[in-house]
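Worksheet for the structure shown next.
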Amino acid sequence: MYRTGKSFHAAAACACLALAMGVAANPQADTPAPAPVAGLIADIPARVLGSPLLAPDALEEFYRKRNYQAAWSNPEHWQQLIDAIADAGDHGLTPDDYHWDLLSELEYRSPEQIPPELHEDLDLVFSDAFLVFGSHLQKGKVNPSTLDPEWHLEHRKQELAELLETALASGDITSALNSLRPSHPAYTRLMQARREMMQRIDEPWDMLPDGPSIRPGDLDPRIPEIRRRLMLLGDLQEPADAPAETGLYDASLVTAVPGFQARHGLEPDGIIGPDTLTALNMMPVERVRQIDASLERWRWLPEHLGERFVIVNIAGYELKMIDHGREVLRKRVIVGQPYRQTPLFNDRIRYLVINPTWTVPRTLMIRDQLPKIIRDPGYLERLNIRVYRGWGENRVEVDPETVDWASLSVNNFPYQLIQQPGPHNALGRIKFMFPNKHAIYLHDTPAQGLFSNHERSFSSGCIRVEQPFDLADALLEGNPEWSPQTLREVVRSGESRKAVLHTPVPVYLQYWTAWVDDSGLRQFRPDIYNRDSRLLARLYSTPEEAGYPASASHRSNTQSASATTPQPANNGIY
């Protein structure tokens, strides 16, 4: 999955390192290598052994706090870090990003086998590898704002230089690094799914050809290969006494095919049509990439999501509410269309509005509403939309009959359209507010029938919630002012009211095209916004391709950045 080719400088450095170690380890050498001593780090250069140091500021901070004493004299520490980086692929990260070309040459070696003149350079390499790998485990390699400047996600925070010092003192490098990765069970399940999918990476996976849809009882030459794939993917358990393979869509597939369809977000009708063939043709390596993107997005989240929180998976069209580790609610949602995408960010639901009005956003007024008004003179009255000239306290309601709608345009639209509460209101009977710069919120919809569709990217960016009063009841639980009965009485009254949450509830708008559900099933969904490809291009880039390191700090630099989490153009340390 990751690049294994070495650059010329790195390869040369490895060759020199291997040669030097070979000489040092040779029992017939004229002069045996002396035992290492805890020396001083004379300087922090831009490159060592042909490899760039990617965290110069963090290294400067780390060594300054320990009076520039070398840190990596214990071979057990070496091996723990080497083992951890060797397994970086389990996180969807690339070992080569953490000096793997150099460190792999040191596996199962001790400092005594290394020429003294290399000790300082290797000490820097080990520290740099820990700090960069730790930073990527902690909050991801890619900064989401480089994918979309409008996204804002809170990061997990940890003093990496202090953690490294503590790990060296305790001798437990492995636990220190493990403490940085997300602890949520969903992340652990994704790591396991990646390992399992990697076991299928070399399986033959020729494209299943297009053709007529296959239904139960049909004979089709593609069935034997479909059966094999379903077995490899775990959707079909073939009994030991199974008959010889035929092209018959038999009873064993009648259960397996709908199960495969359901976990890929398809209509589980058992008919093997174009969409099901597309999903079956997705190679294991492509599924691994989806998992890698989802692992990275988990690392963008805070370590603690809250005792009670709401999480929306945009790509999965699903909302969940978690209360003290227990799922108390799961609802289908409708999200933004591909050209009006729902953004990623974290916030807190602070209040609910019952019987809301809807102030039509300016873009929608001009692009969507104006053509409808021109075509249908009764449109505004039928949908209970009032027209105002001006904004704020100075706005004045006007009679829509007096407006020459055909003369209006993008540069000439001095009106506001506000839909009043009622059964036709676009926001339905309730909305869930977490005020943010994106003007995004959760809300009801009068078109509840749309939730029966498997693909639900119909909105203009906000998120419509199926059966939203179940969510309202859960959020207001324990609030004596807003019992379920009171809430519904206010709804029936038609009066617009605000219900403030005593404790704001965190809400996370996320985008996962791969996850493992609570029953252990691997779930995959189409990349409706084409976000995975953009993320993976950065995730799989080398440090040089990403332009790192941006600069190198030296001992004379008195403005060195905090070693907590240096912030270049990507995320973390680089």
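Following the order of the structure tokens, chains are lettered A, B, ..., residues in each are numbered from 1, and ligands are numbered from 1.
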Which residues of range 337-408 of chain A come within 7 Å of range 448-466 of chain A, and for each one, what is the closest pair of atoms and their distance in Å to one decimal, counting only C-alpha atoms, sorted by chain and residue number, as a Markdown table?
```
| residue | atom | partner | partner_atom | distance |
| --- | --- | --- | --- | --- |
| A:Gln337 | CA | A:Ser457 | CA | 4.7 |
| A:Arg340 | CA | A:Ser460 | CA | 5.4 |
| A:Gln341 | CA | A:Gly461 | CA | 5.5 |
| A:Thr342 | CA | A:Gly461 | CA | 4.5 |
```
Could you tell me, as a VMD selection string, which residues of range 454-529 of chain A DSSP assigns to helix (DSSP H, G or I) when given the backbone?
chain A and resid 468 to 475 484 to 493
Grab the residues selected above and save them as a PDB file, in the first residue's frame with C-alpha atoms.
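Dumped everything to again14.pdb:
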```
ATOM      1  CA  PRO A 468     -36.683  13.946  14.380  1.00  0.00           C
ATOM      2  CA  PHE A 469     -38.833  14.053  17.524  1.00  0.00           C
ATOM      3  CA  ASP A 470     -37.151  10.859  18.710  1.00  0.00           C
ATOM      4  CA  LEU A 471     -33.892  12.814  18.623  1.00  0.00           C
ATOM      5  CA  ALA A 472     -35.550  15.774  20.349  1.00  0.00           C
ATOM      6  CA  ASP A 473     -36.831  13.534  23.154  1.00  0.00           C
ATOM      7  CA  ALA A 474     -33.364  12.052  23.640  1.00  0.00           C
ATOM      8  CA  LEU A 475     -31.679  15.466  23.756  1.00  0.00           C
ATOM      9  CA  PRO A 484     -42.318  14.620  25.262  1.00  0.00           C
ATOM     10  CA  GLN A 485     -45.940  15.591  25.939  1.00  0.00           C
ATOM     11  CA  THR A 486     -45.099  19.303  26.306  1.00  0.00           C
ATOM     12  CA  LEU A 487     -43.027  19.226  23.151  1.00  0.00           C
ATOM     13  CA  ARG A 488     -45.872  17.799  21.097  1.00  0.00           C
ATOM     14  CA  GLU A 489     -48.407  20.213  22.561  1.00  0.00           C
ATOM     15  CA  VAL A 490     -46.238  23.110  21.390  1.00  0.00           C
ATOM     16  CA  VAL A 491     -45.993  21.516  17.956  1.00  0.00           C
ATOM     17  CA  ARG A 492     -49.773  21.285  17.713  1.00  0.00           C
ATOM     18  CA  SER A 493     -50.169  24.904  18.794  1.00  0.00           C
TER      19      SER A 493
END
```
* Asked: So what do you get for CA of Ser145 in chain A versus CA of Tyr187 in chain A, distance-wise?
  ->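 Between CA of Ser145 in chain A and CA of Tyr187 in chain A the gap is 21.8 Å.
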Expected answer as a PyMOL selection string: strand (DSSP E or B) residues in range 244-395 of chain A:
chain A and resi 248+272+308-313+318-323+326-336+345-354+358-359+385-389
How would the residues just picked look written out with C-alpha atoms as a PDB file, in the first residue's frame?
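Produced file again23.pdb, reproduced below:
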```pdb
ATOM      1  CA  LEU A 248     -26.951 -21.452 -11.083  1.00  0.00           C
ATOM      2  CA  ILE A 272     -27.277  -8.782  -9.296  1.00  0.00           C
ATOM      3  CA  ARG A 308     -23.451  12.139  25.272  1.00  0.00           C
ATOM      4  CA  PHE A 309     -22.944  13.082  21.647  1.00  0.00           C
ATOM      5  CA  VAL A 310     -24.502  12.982  18.198  1.00  0.00           C
ATOM      6  CA  ILE A 311     -22.471  11.802  15.225  1.00  0.00           C
ATOM      7  CA  VAL A 312     -23.535  12.023  11.589  1.00  0.00           C
ATOM      8  CA  ASN A 313     -21.848   9.953   8.904  1.00  0.00           C
ATOM      9  CA  GLU A 318     -26.883   7.976   9.118  1.00  0.00           C
ATOM     10  CA  LEU A 319     -27.134   9.711  12.496  1.00  0.00           C
ATOM     11  CA  LYS A 320     -26.399   8.110  15.847  1.00  0.00           C
ATOM     12  CA  MET A 321     -26.710   9.364  19.395  1.00  0.00           C
ATOM     13  CA  ILE A 322     -24.401   7.825  21.974  1.00  0.00           C
ATOM     14  CA  ASP A 323     -25.024   8.097  25.715  1.00  0.00           C
ATOM     15  CA  ARG A 326     -24.371   3.076  24.504  1.00  0.00           C
ATOM     16  CA  GLU A 327     -26.134   3.757  21.227  1.00  0.00           C
ATOM     17  CA  VAL A 328     -29.561   5.135  22.152  1.00  0.00           C
ATOM     18  CA  LEU A 329     -30.679   6.348  18.743  1.00  0.00           C
ATOM     19  CA  ARG A 330     -30.020   5.656  15.083  1.00  0.00           C
ATOM     20  CA  LYS A 331     -31.772   7.489  12.255  1.00  0.00           C
ATOM     21  CA  ARG A 332     -31.434   7.859   8.530  1.00  0.00           C
ATOM     22  CA  VAL A 333     -30.527  11.301   7.248  1.00  0.00           C
ATOM     23  CA  ILE A 334     -30.586  13.259   4.009  1.00  0.00           C
ATOM     24  CA  VAL A 335     -27.412  15.224   3.251  1.00  0.00           C
ATOM     25  CA  GLY A 336     -26.240  17.821   0.758  1.00  0.00           C
ATOM     26  CA  PHE A 345     -16.950  20.097  11.467  1.00  0.00           C
ATOM     27  CA  ASN A 346     -17.599  19.612  15.168  1.00  0.00           C
ATOM     28  CA  ASP A 347     -19.861  21.761  17.326  1.00  0.00           C
ATOM     29  CA  ARG A 348     -22.489  21.539  20.094  1.00  0.00           C
ATOM     30  CA  ILE A 349     -26.268  21.381  19.801  1.00  0.00           C
ATOM     31  CA  ARG A 350     -27.401  24.227  22.045  1.00  0.00           C
ATOM     32  CA  TYR A 351     -31.113  24.604  21.440  1.00  0.00           C
ATOM     33  CA  LEU A 352     -34.081  23.364  19.452  1.00  0.00           C
ATOM     34  CA  VAL A 353     -36.624  25.478  17.592  1.00  0.00           C
ATOM     35  CA  ILE A 354     -40.137  24.089  17.464  1.00  0.00           C
ATOM     36  CA  TRP A 358     -37.311  29.237   7.263  1.00  0.00           C
ATOM     37  CA  THR A 359     -35.390  32.189   5.924  1.00  0.00           C
ATOM     38  CA  ILE A 385     -43.884  32.276   2.195  1.00  0.00           C
ATOM     39  CA  ARG A 386     -43.823  35.961   3.047  1.00  0.00           C
ATOM     40  CA  VAL A 387     -41.821  38.541   1.155  1.00  0.00           C
ATOM     41  CA  TYR A 388     -39.807  41.294   2.897  1.00  0.00           C
ATOM     42  CA  ARG A 389     -37.865  44.186   1.467  1.00  0.00           C
TER      43      ARG A 389
END
```
